[in-house]
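Trainee: Here you go, work-v2.cif (mmCIF, C-alpha atoms):
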```
data_final
#
loop_
_atom_site.label_atom_id
_atom_site.label_comp_id
_atom_site.auth_asym_id
_atom_site.auth_seq_id
_atom_site.Cartn_x
_atom_site.Cartn_y
_atom_site.Cartn_z
CA MET E 1 13.25 -18.72 2.28
CA ILE E 2 16.24 -20.97 2.39
CA GLY E 3 19.19 -18.66 2.28
CA LEU E 4 22.00 -18.48 4.74
CA VAL E 5 22.97 -15.38 6.66
CA GLN E 6 24.99 -13.30 4.26
CA PRO E 7 28.05 -11.87 5.99
CA GLN E 8 28.57 -9.43 3.17
CA SER E 9 25.27 -7.67 3.82
CA ARG E 10 25.80 -4.00 3.36
CA ASN E 11 24.14 -0.68 2.79
CA ASN E 12 26.59 1.19 0.68
CA ASP E 13 24.95 1.97 -2.60
CA SER E 14 23.38 5.28 -1.74
CA THR E 15 22.61 7.76 -4.43
CA GLY E 16 24.23 11.14 -4.15
CA ASN E 17 21.94 13.89 -3.01
CA VAL E 18 19.09 14.47 -5.42
CA ASN E 19 17.29 17.80 -5.28
CA VAL E 20 13.57 17.07 -5.63
CA VAL E 21 12.18 20.58 -6.00
CA SER E 22 8.56 20.84 -4.91
CA SER E 23 5.77 21.62 -7.32
CA GLY E 24 4.71 25.15 -8.18
CA THR E 25 1.38 24.31 -6.61
CA VAL E 26 1.08 23.63 -2.89
CA GLY E 27 0.38 19.99 -2.18
CA GLU E 28 0.74 18.82 -5.76
CA TRP E 29 2.86 15.79 -6.55
CA THR E 30 6.10 16.48 -8.34
CA ALA E 31 6.99 14.29 -11.30
CA TRP E 32 8.70 11.04 -10.37
CA THR E 33 12.43 11.66 -9.96
CA GLU E 34 14.67 8.72 -10.73
CA VAL E 35 17.10 7.66 -8.01
CA PHE E 36 18.23 4.31 -9.48
CA ALA E 37 17.99 3.66 -13.21
CA SER E 38 18.00 -0.09 -12.70
CA SER E 39 18.14 -1.38 -9.17
CA THR E 40 20.07 -4.38 -8.10
CA GLU E 41 18.08 -6.73 -5.88
CA GLY E 42 17.56 -5.06 -2.52
CA ALA E 43 16.21 -6.13 0.84
CA GLY E 44 15.55 -2.73 2.33
CA LEU E 45 15.32 0.96 1.56
CA THR E 46 16.55 3.99 3.45
CA LEU E 47 15.56 7.57 2.70
CA ARG E 48 17.70 10.38 4.04
CA THR E 49 16.37 13.91 3.86
CA SER E 50 18.83 16.75 4.08
CA TRP E 51 18.63 20.43 3.24
CA PHE E 52 15.10 21.59 2.49
CA GLY E 53 15.68 25.34 2.57
CA THR E 54 15.35 28.14 5.07
CA SER E 55 11.68 27.63 5.89
CA SER E 56 9.98 24.78 7.72
CA SER E 57 7.74 22.66 5.55
CA TYR E 58 5.53 19.60 5.54
CA ASN E 59 6.36 16.96 2.98
CA LEU E 60 4.93 13.69 1.82
CA PHE E 61 6.90 11.24 -0.31
CA GLN E 62 6.27 8.09 -2.24
CA ILE E 63 8.99 5.76 -3.48
CA GLY E 64 8.08 3.88 -6.63
CA VAL E 65 9.40 1.18 -8.91
CA GLY E 66 8.87 0.82 -12.63
CA GLY E 67 9.55 2.58 -15.87
CA ALA E 68 8.84 6.26 -16.45
CA GLY E 69 5.10 6.73 -16.68
CA SER E 70 4.27 3.35 -15.15
CA GLU E 71 5.60 3.67 -11.62
CA LEU E 72 4.12 1.45 -8.90
CA VAL E 73 4.20 2.71 -5.35
CA LEU E 74 6.61 0.64 -3.29
CA VAL E 75 6.66 2.80 -0.14
CA ASP E 76 3.63 4.97 0.46
CA GLY E 77 2.91 7.77 2.92
CA ILE E 78 6.35 9.02 3.95
CA LEU E 79 5.47 12.05 6.07
CA GLN E 80 8.34 14.39 6.74
CA HIS E 81 8.19 17.57 8.80
CA TYR E 82 11.22 19.64 7.91
CA GLN E 83 11.92 21.85 10.89
CA PHE E 84 14.06 24.87 10.11
CA TYR E 85 15.98 26.42 12.94
CA SER E 86 17.97 29.62 13.01
CA SER E 87 21.50 29.88 11.71
CA GLY E 88 20.74 27.82 8.63
CA ARG E 89 20.03 24.57 10.46
CA GLY E 90 17.25 22.19 9.60
CA THR E 91 16.12 18.75 10.70
CA GLN E 92 17.68 15.91 8.78
CA GLN E 93 16.08 12.51 8.91
CA SER E 94 16.91 8.94 8.03
CA VAL E 95 14.09 6.42 7.80
CA SER E 96 14.19 2.80 6.70
CA TRP E 97 11.83 0.07 5.58
CA ASN E 98 12.58 -3.63 5.46
CA VAL E 99 11.05 -4.10 2.04
CA ARG E 100 12.20 -5.92 -1.06
CA VAL E 101 13.40 -3.86 -4.02
CA PRO E 102 13.08 -5.99 -7.15
CA GLY E 103 16.21 -6.35 -9.22
CA GLY E 104 16.28 -4.59 -12.56
CA ALA E 105 13.61 -2.09 -11.59
CA ARG E 106 13.92 1.66 -11.95
CA VAL E 107 13.45 3.33 -8.54
CA SER E 108 12.06 6.83 -8.26
CA ILE E 109 10.59 9.22 -5.72
CA ARG E 110 8.01 12.01 -5.75
CA ARG E 111 7.02 14.68 -3.27
CA ARG E 112 4.16 16.80 -2.05
CA CYS E 113 5.11 19.95 -0.14
CA SER E 114 3.42 22.71 1.80
CA ARG E 115 5.66 25.21 0.02
CA THR E 116 6.02 25.85 -3.69
CA SER E 117 9.22 25.35 -5.64
CA GLU E 118 11.15 24.52 -2.47
CA GLN E 119 14.41 22.64 -2.67
CA GLY E 120 14.63 19.22 -1.10
CA TYR E 121 17.91 17.35 -1.07
CA LEU E 122 17.58 13.65 -0.35
CA SER E 123 19.26 10.35 -0.99
CA VAL E 124 18.11 6.76 -1.13
CA SER E 125 20.05 3.59 -0.41
CA ARG E 126 19.30 -0.12 -0.50
CA THR E 127 20.22 -2.85 1.91
CA ARG E 128 21.84 -5.68 0.02
CA ASN E 129 22.10 -9.41 0.56
CA SER E 130 19.79 -9.79 3.52
CA GLN E 131 16.22 -11.01 3.88
CA PRO E 132 13.39 -8.56 3.29
CA LEU E 133 10.39 -8.73 5.55
CA GLY E 134 7.85 -7.48 3.04
CA VAL E 135 7.21 -6.49 -0.54
CA GLY E 136 5.67 -3.05 -0.03
CA VAL E 137 4.62 -0.37 2.45
CA GLU E 138 1.09 0.99 2.68
CA ALA E 139 0.01 4.11 4.56
CA TYR E 140 -2.86 4.97 6.88
CA GLY E 141 -3.80 8.57 7.41
CA ALA E 142 -1.89 10.24 4.58
CA THR E 143 -3.79 13.12 3.02
CA ALA E 144 -3.38 15.22 -0.11
CA THR E 145 -3.38 18.53 1.71
CA SER E 146 -0.79 19.99 4.05
CA PRO E 147 0.34 18.83 6.56
CA PHE E 148 -0.43 15.55 4.76
CA GLY E 149 -1.41 13.55 7.84
CA THR E 150 -4.59 12.94 9.79
CA ALA E 151 -5.25 15.51 12.53
CA VAL E 152 -5.32 14.08 16.05
CA VAL E 153 -6.20 16.35 19.00
CA SER E 154 -4.99 15.75 22.55
CA GLY E 155 -7.42 15.83 25.46
CA ALA E 156 -7.25 17.90 28.63
CA ALA E 157 -3.76 18.62 29.90
CA ASN E 158 -1.87 15.32 30.28
CA ASN E 159 -4.87 13.36 29.04
CA TYR E 160 -5.39 11.46 25.87
CA GLY E 161 -7.89 12.71 23.35
CA SER E 162 -10.16 10.38 21.45
CA LEU E 163 -8.84 7.64 19.22
CA VAL E 164 -8.89 8.80 15.62
CA GLU E 165 -9.20 6.24 12.84
CA VAL E 166 -6.46 6.64 10.25
CA GLY E 167 -7.18 3.64 8.05
CA THR E 168 -7.59 -0.10 7.64
CA THR E 169 -4.87 -2.56 6.74
CA GLY E 170 -5.12 -3.75 3.16
CA ALA E 171 -2.79 -6.68 3.64
CA ARG E 172 -1.16 -8.73 6.38
CA ILE E 173 1.23 -6.31 8.04
CA ARG E 174 4.69 -7.35 9.27
CA GLN E 175 6.07 -4.03 10.49
CA ILE E 176 4.59 -0.72 11.50
CA SER E 177 5.99 2.78 11.92
CA VAL E 178 4.59 6.20 12.72
CA SER E 179 5.32 9.71 11.47
CA VAL E 180 4.18 12.91 13.14
CA ALA E 181 4.08 16.54 11.98
CA GLY E 182 2.80 19.82 13.36
CA THR E 183 3.46 22.54 15.88
CA GLY E 184 2.04 23.36 19.29
CA THR E 185 2.62 24.88 22.69
CA SER E 186 5.74 23.49 24.33
CA GLY E 187 5.08 20.45 26.52
CA TRP E 188 5.61 16.72 26.80
CA LEU E 189 3.78 14.57 24.30
CA SER E 190 2.67 10.97 24.30
CA TRP E 191 0.92 9.18 21.53
CA GLU E 192 -0.29 5.69 20.80
CA VAL E 193 -1.30 3.53 17.87
CA HIS E 194 -4.13 1.08 18.47
CA VAL E 195 -5.65 -1.62 16.30
CA GLY E 196 -9.07 -3.19 16.46
CA PRO E 197 -12.74 -2.47 15.93
CA ILE E 198 -14.60 0.39 17.54
CA GLY E 199 -14.73 -0.29 21.26
CA GLY E 200 -12.25 -3.15 20.97
CA GLU E 201 -9.04 -1.27 20.26
CA VAL E 202 -5.81 -2.64 21.69
CA LEU E 203 -2.55 -0.76 22.15
CA LEU E 204 0.09 -1.54 19.55
CA VAL E 205 2.76 1.17 19.82
CA ARG E 206 3.28 3.87 22.43
CA ALA E 207 5.67 6.81 22.55
CA TYR E 208 5.30 7.80 26.20
CA GLU E 209 6.50 11.31 26.90
CA SER E 210 9.15 10.75 24.30
CA GLY E 211 7.85 13.43 22.03
CA THR E 212 8.09 16.98 23.29
CA PHE E 213 7.26 20.11 21.41
CA MET E 214 10.69 21.39 22.49
CA GLY E 215 11.10 25.08 22.95
CA ASN E 216 10.07 26.13 19.51
CA GLY E 217 6.78 24.30 19.10
CA TYR E 218 8.12 21.36 17.09
CA PRO E 219 7.45 17.74 18.03
CA THR E 220 10.05 15.02 18.17
CA PRO E 221 10.69 12.24 17.34
CA LEU E 222 9.28 12.68 13.88
CA PHE E 223 9.57 9.05 12.87
CA PHE E 224 9.06 6.14 15.26
CA GLY E 225 9.77 2.52 14.34
CA PRO E 226 9.57 0.31 12.42
CA PHE E 227 8.33 -2.32 14.87
CA ASP E 228 7.75 -5.98 14.08
CA VAL E 229 4.08 -6.87 14.24
CA ASP E 230 1.67 -9.34 12.69
CA ILE E 231 -1.62 -7.64 11.91
CA PRO E 232 -4.30 -9.25 9.74
CA SER E 233 -5.63 -7.61 6.62
CA GLY E 234 -8.77 -5.59 7.27
CA THR E 235 -7.72 -4.35 10.71
CA ARG E 236 -8.77 -0.86 11.76
CA VAL E 237 -5.86 1.44 12.78
CA THR E 238 -6.32 4.36 15.19
CA VAL E 239 -4.14 6.99 16.86
CA ARG E 240 -4.52 9.12 19.98
CA GLN E 241 -2.27 11.61 21.71
CA SER E 242 -1.77 13.37 24.99
CA CYS E 243 0.07 16.61 25.80
CA GLN E 244 0.96 18.67 28.84
CA VAL E 245 -1.06 21.42 27.23
CA ALA E 246 -4.72 20.76 26.40
CA ALA E 247 -6.12 20.40 22.89
CA GLN E 248 -2.95 20.32 20.84
CA THR E 249 -3.27 19.11 17.26
CA LEU E 250 -0.71 17.00 15.47
CA SER E 251 -0.87 15.13 12.19
CA PHE E 252 -0.06 11.43 11.95
CA VAL E 253 0.64 8.89 9.26
CA VAL E 254 1.07 5.22 10.12
CA GLN E 255 2.89 2.91 7.73
CA GLY E 256 2.55 -0.85 7.44
CA THR E 257 4.98 -3.18 5.68
CA TYR E 258 3.27 -6.10 3.96
CA MET F 1 13.08 -41.59 0.86
CA LEU F 2 12.42 -38.48 -1.13
CA THR F 3 9.69 -38.87 -3.74
CA VAL F 4 7.68 -36.52 -5.89
CA HIS F 5 4.09 -36.57 -4.68
CA SER F 6 2.57 -34.40 -7.38
CA THR F 7 3.48 -31.74 -9.86
CA GLY F 8 1.80 -29.36 -12.28
CA THR F 9 1.52 -25.86 -13.68
CA GLN F 10 -1.16 -23.48 -12.45
CA THR F 11 -2.31 -20.63 -14.67
CA ALA F 12 -3.44 -18.01 -12.22
CA VAL F 13 -6.73 -16.18 -12.49
CA ILE F 14 -6.45 -12.87 -10.66
CA SER F 15 -8.00 -12.96 -7.17
CA THR F 16 -8.85 -16.65 -7.42
CA GLU F 17 -7.37 -19.03 -4.86
CA HIS F 18 -6.15 -22.09 -6.72
CA THR F 19 -5.55 -25.33 -4.87
CA LEU F 20 -2.29 -26.71 -6.17
CA ALA F 21 -2.33 -29.94 -4.24
CA THR F 22 -4.33 -31.57 -1.48
CA VAL F 23 -2.61 -34.40 0.33
CA ALA F 24 -4.84 -36.47 2.59
CA THR F 25 -2.18 -38.88 3.75
CA SER F 26 0.31 -38.70 6.58
CA GLY F 27 3.76 -37.42 5.81
CA VAL F 28 6.28 -34.63 5.68
CA PHE F 29 5.93 -32.50 2.58
CA VAL F 30 7.69 -29.66 0.82
CA ILE F 31 6.35 -27.49 -1.96
CA GLN F 32 8.54 -25.87 -4.57
CA LEU F 33 7.21 -23.09 -6.76
CA ASP F 34 8.75 -21.66 -9.89
CA LEU F 35 8.11 -17.89 -9.94
CA SER F 36 10.13 -17.21 -13.09
CA ASN F 37 7.16 -15.76 -14.94
CA MET F 38 6.41 -12.99 -12.46
CA VAL F 39 7.13 -9.42 -13.59
CA LEU F 40 6.84 -5.98 -12.03
CA GLY F 41 3.29 -5.47 -10.80
CA ASP F 42 2.52 -9.14 -10.19
CA TYR F 43 1.58 -10.14 -6.63
CA ALA F 44 1.01 -13.74 -5.55
CA GLU F 45 0.09 -15.32 -2.23
CA VAL F 46 1.07 -18.85 -1.28
CA VAL F 47 -0.78 -20.43 1.63
CA ILE F 48 -0.15 -23.77 3.31
CA LYS F 49 -2.99 -25.37 5.26
CA VAL F 50 -2.79 -28.47 7.44
CA ARG F 51 -5.26 -30.74 9.18
CA GLN F 52 -4.72 -31.52 12.83
CA THR F 53 -7.40 -34.21 13.01
CA SER F 54 -8.41 -36.97 10.67
CA GLY F 55 -11.04 -35.61 8.34
CA GLY F 56 -10.80 -32.15 9.90
CA ALA F 57 -10.65 -28.84 8.16
CA TYR F 58 -7.50 -27.59 6.49
CA LYS F 59 -6.34 -24.56 8.50
CA GLN F 60 -3.73 -21.98 7.57
CA GLN F 61 -0.23 -22.82 8.71
CA SER F 62 1.71 -20.19 6.80
CA TYR F 63 1.29 -17.31 4.37
CA SER F 64 3.84 -15.88 1.99
CA LEU F 65 3.50 -12.93 -0.35
CA TYR F 66 5.64 -12.49 -3.44
CA ALA F 67 5.74 -9.42 -5.65
CA HIS F 68 7.34 -8.37 -8.92
CA ALA F 69 10.08 -10.22 -10.78
CA GLN F 70 11.90 -12.61 -8.50
CA ALA F 71 15.62 -13.02 -7.99
CA ASP F 72 15.32 -16.40 -6.25
CA VAL F 73 12.85 -17.79 -8.75
CA ILE F 74 12.47 -21.18 -7.05
CA GLN F 75 10.78 -20.75 -3.71
CA GLN F 76 10.49 -23.68 -1.34
CA SER F 77 8.63 -24.25 1.90
CA VAL F 78 10.06 -25.64 5.09
CA PRO F 79 9.15 -29.32 5.63
CA ILE F 80 5.50 -29.48 6.64
CA VAL F 81 4.68 -32.11 9.24
CA ALA F 82 1.23 -33.31 8.28
CA PRO F 83 -0.11 -36.39 10.06
CA TYR F 84 -3.58 -35.85 8.64
CA GLY F 85 -2.95 -33.99 5.41
CA VAL F 86 -1.85 -30.73 3.91
CA GLU F 87 -3.09 -28.38 1.21
CA PHE F 88 -1.16 -25.85 -0.85
CA THR F 89 -2.88 -22.91 -2.50
CA LEU F 90 -1.83 -20.02 -4.71
CA LYS F 91 -3.65 -16.76 -5.39
CA GLN F 92 -2.36 -14.06 -7.69
CA THR F 93 -3.84 -10.80 -6.47
CA ALA F 94 -2.51 -8.31 -9.02
CA GLY F 95 -0.88 -8.12 -12.42
CA THR F 96 -1.46 -10.44 -15.34
CA GLY F 97 -2.27 -14.07 -14.58
CA ARG F 98 0.93 -16.10 -14.88
CA ASP F 99 1.85 -19.76 -15.17
CA PHE F 100 3.28 -21.17 -11.93
CA PRO F 101 4.98 -24.56 -12.24
CA TRP F 102 4.93 -26.36 -8.87
CA LEU F 103 6.06 -29.56 -7.25
CA VAL F 104 5.16 -31.25 -3.97
CA ALA F 105 7.73 -33.68 -2.59
CA THR F 106 7.45 -36.18 0.24
CA LEU F 107 10.41 -36.54 2.55
#
```
Can I see the file as structure tokens?

Mentor:
Amino acid sequence: MIGLVQPQSRNNDSTGNVNVVSSGTVGEWTAWTEVFASSTEGAGLTLRTSWFGTSSSYNLFQIGVGGAGSELVLVDGILQHYQFYSSGRGTQQSVSWNVRVPGGARVSIRRRCSRTSEQGYLSVSRTRNSQPLGVGVEAYGATATSPFGTAVVSGAANNYGSLVEVGTTGARIRQISVSVAGTGTSGWLSWEVHVGPIGGEVLLVRAYESGTFMGNGYPTPLFFGPFDVDIPSGTRVTVRQSCQVAAQTLSFVVQGTY
Amino acid sequence: MLTVHSTGTQTAVISTEHTLATVATSGVFVIQLDLSNMVLGDYAEVVIKVRQTSGGAYKQQSYSLYAHAQADVIQQSVPIVAPYGVEFTLKQTAGTGRDFPWLVATL
């Protein structure tokens, strides 16, 4: 805890693009794909997703540390909705977590996908010489089947639907972020993350009319956060959403850094 | 004047909260922990509890979570102002129980 601010902090040790081809079975994990053979000490991780082919897909990633065959999940529940547009253009994302990467550890990544044998170019980088906020990232609402998040339905037009429980914190949480995936009728979206027991939920994060389905049925932003929080272990996490068009379904995964 | 209040080595039992030191006297204290023995897959919580009244309960003042092999193997608390006492605990929550040398100093 002592350390001084390190002026040489940097984020320049990205891997080149790694093509993590999805499994031959929809929704099945790929093998772990190594991105760093032996990491230097890191204080943060960034995942950049690039070209995922000429079809939209839902993807779920885990980043792990440890030797081949004994990987431990460091970042869980990375939901990524790859949105393919015409003319060979697809959504590229960059998401970060302020989490410690232990020195000397092999870092790897694996993927579930809604499409079989689909290419997926990505890269990972580490933040160096700063102070990590946590030692891992857990997920609430991730599922094994496409689109890999928990379904949340909006209410009547411009009204929130019911809060949907996505999970319970397993540790004291220092940061929180939200991923969304799905399609729907074009219209403004709002969604919220709440914490607390049934009937005692309090608002934690809100994206108010910041997510629209755009003209092609895709929501945005796809990743929101991370936000600094302090949530006790054992806290119930819920999500609700509202849309200009009634009864639209989106899938959500919430992540918590501990 | 800086003095060593107490020192020891705690062998952790997974999911058991071990009290490293309980100080019932007034003072300003710092704990140092040696995390050299931690490896990938080990998780350990360090909690500091203070009393705000004489004879009162020790209540949590801070919580820190450590995981895997450490780069900065000596971890040290900020000075803890404790007019009525302070308690330091350690709980390893995952991995194989390790030895944790520790030291509490009085400022």

Trainee: Counting all atoms listed in the file, a student should be able to say which residues of chain F come within 9 Å of chain E; what is the right answer, written as an mmCIF file with C-alpha atoms, in the coordinates of the input?

Mentor:
```cif
data_model
loop_
_atom_site.group_PDB
_atom_site.id
_atom_site.type_symbol
_atom_site.label_atom_id
_atom_site.label_comp_id
_atom_site.auth_asym_id
_atom_site.auth_seq_id
_atom_site.Cartn_x
_atom_site.Cartn_y
_atom_site.Cartn_z
ATOM 1 C CA LEU F 40 6.840 -5.980 -12.030
ATOM 2 C CA GLY F 41 3.290 -5.470 -10.800
ATOM 3 C CA LEU F 65 3.500 -12.930 -0.350
ATOM 4 C CA TYR F 66 5.640 -12.490 -3.440
ATOM 5 C CA ALA F 67 5.740 -9.420 -5.650
ATOM 6 C CA HIS F 68 7.340 -8.370 -8.920
ATOM 7 C CA ALA F 69 10.080 -10.220 -10.780
ATOM 8 C CA GLN F 70 11.900 -12.610 -8.500
ATOM 9 C CA ALA F 71 15.620 -13.020 -7.990
ATOM 10 C CA GLN F 75 10.780 -20.750 -3.710
ATOM 11 C CA GLN F 76 10.490 -23.680 -1.340
ATOM 12 C CA SER F 77 8.630 -24.250 1.900
ATOM 13 C CA VAL F 78 10.060 -25.640 5.090
#
```

Trainee: Convert the output of the PyMOL selection byres ((chain F and resi 79-94) around 6) on the shown file into explicit residues, formatted as a PyMOL selection string.

Mentor: chain F and resi 14-30+42-51+54+78+95

Trainee: Around the point (14.4, 21.3, -2.0) in the file's coordinates, collect all residues with an atom within 9 Å, using all atoms listed in the file, and return them as a PyMOL selection string.

Mentor: chain E and resi 18-22+50-53+117-122

Trainee: Pick the closest to Val152 of chain E from E:Gln83, E:Arg106, E:Ser94, E:Ser251: which is it, counting only C-alpha atoms?

Mentor: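 The answer is E:Ser251, which sits nearest to Val152 of chain E.
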
Trainee: Within 6 Å of Val239 of chain E, counting only C-alpha atoms, which residues show up once you throw out same-chain ones fewer than 6 positions away? Write them as a ChimeraX atom specification, please.

Mentor: /E:163-164,192-193

Trainee: For the provided coordinates, the residues matched by the PyMOL selection byres ((chain E and resi 202) around 12) should be stated as a CSV table (one decimal) with C-alpha atoms, in the frame of the given file.

Mentor:
```csv
chain,number,residue,atom,x,y,z
E,163,LEU,CA,-8.8,7.6,19.2
E,192,GLU,CA,-0.3,5.7,20.8
E,193,VAL,CA,-1.3,3.5,17.9
E,194,HIS,CA,-4.1,1.1,18.5
E,195,VAL,CA,-5.6,-1.6,16.3
E,196,GLY,CA,-9.1,-3.2,16.5
E,197,PRO,CA,-12.7,-2.5,15.9
E,198,ILE,CA,-14.6,0.4,17.5
E,199,GLY,CA,-14.7,-0.3,21.3
E,200,GLY,CA,-12.2,-3.2,21.0
E,201,GLU,CA,-9.0,-1.3,20.3
E,203,LEU,CA,-2.6,-0.8,22.2
E,204,LEU,CA,0.1,-1.5,19.6
E,205,VAL,CA,2.8,1.2,19.8
E,206,ARG,CA,3.3,3.9,22.4
E,231,ILE,CA,-1.6,-7.6,11.9
E,235,THR,CA,-7.7,-4.4,10.7
E,236,ARG,CA,-8.8,-0.9,11.8
E,237,VAL,CA,-5.9,1.4,12.8
E,238,THR,CA,-6.3,4.4,15.2
E,239,VAL,CA,-4.1,7.0,16.9
E,240,ARG,CA,-4.5,9.1,20.0
```

Trainee: So how many Å separate atom CA of Gly97 of chain F and atom CA of Arg110 of chain E, to one decimal?

Mentor: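 We find that atom CA of Gly97 of chain F and atom CA of Arg110 of chain E lie 29.4 Å from each other.
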
Trainee: Smallest atom-to-atom distance to Gly161 of chain E: which of E:Asn59, E:Asn17, E:Gln241, E:Ser108, using all atoms listed in the file?

Mentor: E:Gln241

Trainee: So how far away is atom CA of Tyr140 of chain E from atom CA of Val229 of chain E, in Å?

Mentor: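 If I compute the distance from atom CA of Val229 of chain E to atom CA of Tyr140 of chain E, I get 15.6 Å.
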
Trainee: Take the PyMOL selection byres ((chain E and resi 188) around 6), run it mentally on this structure, and tell me the resulting residues as a PyMOL selection string.

Mentor: chain E and resi 187+189+209+212+243-244

Trainee: Using all atoms listed in the file, determine which residues lie at most 8 Å from Thr249 of chain E, disregarding the query and same-chain residues fewer than 4 positions distant; provide the list as an mmCIF file with C-alpha atoms, keeping the file's coordinate frame.

Mentor:
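Below is the file that was written, selection.cif:
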```
data_model
loop_
_atom_site.group_PDB
_atom_site.id
_atom_site.type_symbol
_atom_site.label_atom_id
_atom_site.label_comp_id
_atom_site.auth_asym_id
_atom_site.auth_seq_id
_atom_site.Cartn_x
_atom_site.Cartn_y
_atom_site.Cartn_z
ATOM 1 C CA ALA E 151 -5.250 15.510 12.530
ATOM 2 C CA VAL E 152 -5.320 14.080 16.050
ATOM 3 C CA VAL E 153 -6.200 16.350 19.000
ATOM 4 C CA SER E 154 -4.990 15.750 22.550
ATOM 5 C CA GLY E 182 2.800 19.820 13.360
ATOM 6 C CA THR E 183 3.460 22.540 15.880
ATOM 7 C CA GLY E 184 2.040 23.360 19.290
#
```

Trainee: Any chance you could work out the axis-aligned box around segment 152-169 of chain E, listed atoms only, 3 Å on each side, giving centre and edge lengths in Å to one decimal, as AutoDock Vina command-line options?

Mentor:
```
--center_x -6.0 --center_y 8.0 --center_z 18.5 --size_x 14.3 --size_y 27.2 --size_z 29.5
```

Trainee: Atom CA of Arg112 of chain E and atom CA of Ala142 of chain E are how many Å apart?

Mentor: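 Interatomic distance here is 11.1 Å.
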
Trainee: Rank E:Ser57, E:Val107, E:Ala68, E:Val253 by their smallest atom-to-atom distance to Gly90 of chain E, using all atoms listed in the file, and report the top residue only.

Mentor: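 Distance minimum relative to Gly90 of chain E lands on E:Ser57.
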
Trainee: Pick out the closest residue to Ser125 of chain E from this set: E:Phe36, E:Phe223, E:Tyr160, E:Phe61. Count all atoms listed in the file.

Mentor: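 Looking only at the distances to Ser125 of chain E, the closest residue turns out to be E:Phe36.
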
Trainee: I'd like to know which of F:Val39, F:Met1, F:Ser64, F:Ala12 is closest to Ile173 of chain E, using all atoms listed in the file.

Mentor: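 Residue with the minimum atom-to-atom distance to Ile173 of chain E: F:Ser64.
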
Trainee: Could you add whatever atoms are missing so that segment 21-34 of chain E carries N, CA and C atoms, then write the result as an mmCIF file, keeping the file's coordinate frame?

Mentor:
```
data_model
loop_
_atom_site.group_PDB
_atom_site.id
_atom_site.type_symbol
_atom_site.label_atom_id
_atom_site.label_comp_id
_atom_site.auth_asym_id
_atom_site.auth_seq_id
_atom_site.Cartn_x
_atom_site.Cartn_y
_atom_site.Cartn_z
ATOM 1 N N VAL E 21 12.806 19.272 -6.223
ATOM 2 C CA VAL E 21 12.180 20.580 -6.000
ATOM 3 C C VAL E 21 10.663 20.400 -5.999
ATOM 4 N N SER E 22 10.005 21.007 -5.019
ATOM 5 C CA SER E 22 8.560 20.840 -4.910
ATOM 6 C C SER E 22 7.830 21.511 -6.063
ATOM 7 N N SER E 23 6.586 21.111 -6.225
ATOM 8 C CA SER E 23 5.770 21.620 -7.320
ATOM 9 C C SER E 23 5.534 23.133 -7.166
ATOM 10 N N GLY E 24 5.114 23.748 -8.234
ATOM 11 C CA GLY E 24 4.710 25.150 -8.180
ATOM 12 C C GLY E 24 3.354 25.354 -7.567
ATOM 13 N N THR E 25 2.687 24.254 -7.267
ATOM 14 C CA THR E 25 1.380 24.310 -6.610
ATOM 15 C C THR E 25 1.473 23.587 -5.275
ATOM 16 N N VAL E 26 1.013 24.234 -4.221
ATOM 17 C CA VAL E 26 1.080 23.630 -2.890
ATOM 18 C C VAL E 26 0.347 22.287 -2.888
ATOM 19 N N GLY E 27 1.012 21.292 -2.365
ATOM 20 C CA GLY E 27 0.380 19.990 -2.180
ATOM 21 C C GLY E 27 0.338 19.117 -3.415
ATOM 22 N N GLU E 28 0.798 19.609 -4.528
ATOM 23 C CA GLU E 28 0.740 18.820 -5.760
ATOM 24 C C GLU E 28 1.949 17.903 -5.850
ATOM 25 N N TRP E 29 1.720 16.686 -6.357
ATOM 26 C CA TRP E 29 2.860 15.790 -6.550
ATOM 27 C C TRP E 29 3.833 16.391 -7.567
ATOM 28 N N THR E 30 5.113 16.230 -7.307
ATOM 29 C CA THR E 30 6.100 16.480 -8.340
ATOM 30 C C THR E 30 6.045 15.325 -9.339
ATOM 31 N N ALA E 31 6.769 15.449 -10.432
ATOM 32 C CA ALA E 31 6.990 14.290 -11.300
ATOM 33 C C ALA E 31 7.848 13.280 -10.525
ATOM 34 N N TRP E 32 7.808 12.032 -10.962
ATOM 35 C CA TRP E 32 8.700 11.040 -10.370
ATOM 36 C C TRP E 32 10.143 11.391 -10.729
ATOM 37 N N THR E 33 11.007 11.392 -9.745
ATOM 38 C CA THR E 33 12.430 11.660 -9.960
ATOM 39 C C THR E 33 13.206 10.367 -9.769
ATOM 40 N N GLU E 34 13.933 9.983 -10.782
ATOM 41 C CA GLU E 34 14.670 8.720 -10.730
ATOM 42 C C GLU E 34 15.821 8.791 -9.738
#
```
